[in-house]
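So the structure is just underneath, and the comments pick up after that.
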Amino acid sequence: MRAVLVILALVLIFIFIQDGEDAEFSIIRMSSSMKISVATTINDAGFNCPAAITAHDYGQDENGTKTKIYCSNSAEFNVTIRPDGSYLVKPWS
């Protein structure tokens, strides 16, 4: 259920703010509850994210919608929402 809420939050609720016309990403403004949900999702995947601070939308790739999450411990994660509604969490590289 939590995964569904995170997916809905990332896909439907985020407010995108374009970071300049030539930017490769859009900044995502997250509410406090969305930050908690995203951090929980990352932690549930076995990683350490005490708090999600910022998110950047990098658009679609062959795996789904790619989002970079910045955590309060300086960790950065790629949270990808797959076309089937599942998600993939991995360190940003």
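By order of appearance in the structure tokens: chains A, B, ..., then residues from 1 within every chain, and ligands from 1 in the order shown.
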
**OP:** Compile the contact shell of Ser74 (chain A) as a VMD selection string: residues with an atom at most 12 Å away, counting only C-alpha atoms, same-chain residues fewer than 6 positions apart removed.
**Re:** chain A and resid 48 to 54 91 to 92

Atoms kept (C-alpha atoms) for selection, written as a PDB file, in the first residue's frame:
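The result, stored in selection.pdb:
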ATOM      1  CA  ASN A  48      19.662   4.786   4.556  1.00  0.00           C
ATOM      2  CA  CYS A  49      17.695   7.996   3.997  1.00  0.00           C
ATOM      3  CA  PRO A  50      16.847   9.706   7.307  1.00  0.00           C
ATOM      4  CA  ALA A  51      14.838  12.383   5.485  1.00  0.00           C
ATOM      5  CA  ALA A  52      14.172  13.201   1.834  1.00  0.00           C
ATOM      6  CA  ILE A  53      15.106  16.822   1.201  1.00  0.00           C
ATOM      7  CA  THR A  54      14.824  17.487  -2.529  1.00  0.00           C
ATOM      8  CA  PRO A  91      22.022   4.668  -5.307  1.00  0.00           C
ATOM      9  CA  TRP A  92      22.385   7.507  -7.819  1.00  0.00           C
TER      10      TRP A  92
END

Original post:
Counting only C-alpha atoms, what is within 7 Å of Val89 (chain A), bar same-chain residues fewer than 5 positions away, as a PyMOL selection string?
Top reply: chain A and resi 42+45+77-80

Subject >> Best match for closeness to Cys71 (chain A) among A:Asp44, A:Asp57, A:Val38, A:Phe25, counting only C-alpha atoms >> reply: A:Val38

Original post:
Which is closest to Asp84 (chain A) among A:Glu24, A:Asn63, A:Thr40, A:Lys68, if we use only C-alpha atoms?
Top reply: A:Asn63

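Minimum atom-to-atom distances from A:Ser86, A:Ser93, A:Asn73, A:Gln60 to Thr41 (chain A) were compared using only C-alpha atoms, and the lowest value belongs to A:Ser86.
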
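Restricting the calculation to only C-alpha atoms, the smallest distance between Ala55 (chain A) and any of A:Ile69, A:Lys90, A:Lys35, A:Ala75 is found for A:Ile69.
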
**OP:** as an NGL selection string, list the residues of region 13-85 of chain A assigned to alpha helix (DSSP H) by DSSP on the backbone atoms of this structure.
**Re:** :A and (32-44)

Limited to N, CA and C atoms, could you put the picked residues into a file as a JSON list (two decimals), in the first residue's frame?
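Okay, selection.json is ready:
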[["chain", "number", "residue", "atom", "x", "y", "z"],
["A", 32, "SER", "N", 5.59, 17.78, 3.26],
["A", 32, "SER", "CA", 6.22, 17.05, 4.37],
["A", 32, "SER", "C", 5.85, 15.58, 4.35],
["A", 33, "SER", "N", 4.60, 15.27, 4.10],
["A", 33, "SER", "CA", 4.16, 13.87, 4.08],
["A", 33, "SER", "C", 4.78, 13.11, 2.90],
["A", 34, "MET", "N", 4.96, 13.77, 1.79],
["A", 34, "MET", "CA", 5.60, 13.12, 0.64],
["A", 34, "MET", "C", 7.07, 12.85, 0.93],
["A", 35, "LYS", "N", 7.74, 13.77, 1.61],
["A", 35, "LYS", "CA", 9.14, 13.56, 1.97],
["A", 35, "LYS", "C", 9.29, 12.34, 2.87],
["A", 36, "ILE", "N", 8.37, 12.20, 3.82],
["A", 36, "ILE", "CA", 8.40, 11.04, 4.72],
["A", 36, "ILE", "C", 8.15, 9.76, 3.94],
["A", 37, "SER", "N", 7.17, 9.76, 3.04],
["A", 37, "SER", "CA", 6.86, 8.57, 2.24],
["A", 37, "SER", "C", 8.02, 8.15, 1.37],
["A", 38, "VAL", "N", 8.68, 9.11, 0.73],
["A", 38, "VAL", "CA", 9.80, 8.80, -0.14],
["A", 38, "VAL", "C", 10.97, 8.25, 0.67],
["A", 39, "ALA", "N", 11.29, 8.88, 1.81],
["A", 39, "ALA", "CA", 12.37, 8.38, 2.66],
["A", 39, "ALA", "C", 12.07, 6.98, 3.17],
["A", 40, "THR", "N", 10.83, 6.73, 3.55],
["A", 40, "THR", "CA", 10.43, 5.40, 4.02],
["A", 40, "THR", "C", 10.59, 4.36, 2.92],
["A", 41, "THR", "N", 10.21, 4.71, 1.70],
["A", 41, "THR", "CA", 10.36, 3.80, 0.57],
["A", 41, "THR", "C", 11.83, 3.45, 0.33],
["A", 42, "ILE", "N", 12.71, 4.45, 0.41],
["A", 42, "ILE", "CA", 14.15, 4.21, 0.23],
["A", 42, "ILE", "C", 14.67, 3.32, 1.36],
["A", 43, "ASN", "N", 14.27, 3.61, 2.59],
["A", 43, "ASN", "CA", 14.70, 2.79, 3.73],
["A", 43, "ASN", "C", 14.18, 1.37, 3.63],
["A", 44, "ASP", "N", 12.94, 1.20, 3.18],
["A", 44, "ASP", "CA", 12.36, -0.14, 3.01],
["A", 44, "ASP", "C", 13.10, -0.95, 1.95]]

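When CA of Ser72 (chain A) is paired with CA of Gly85 (chain A), their separation reads 26.6 Å.
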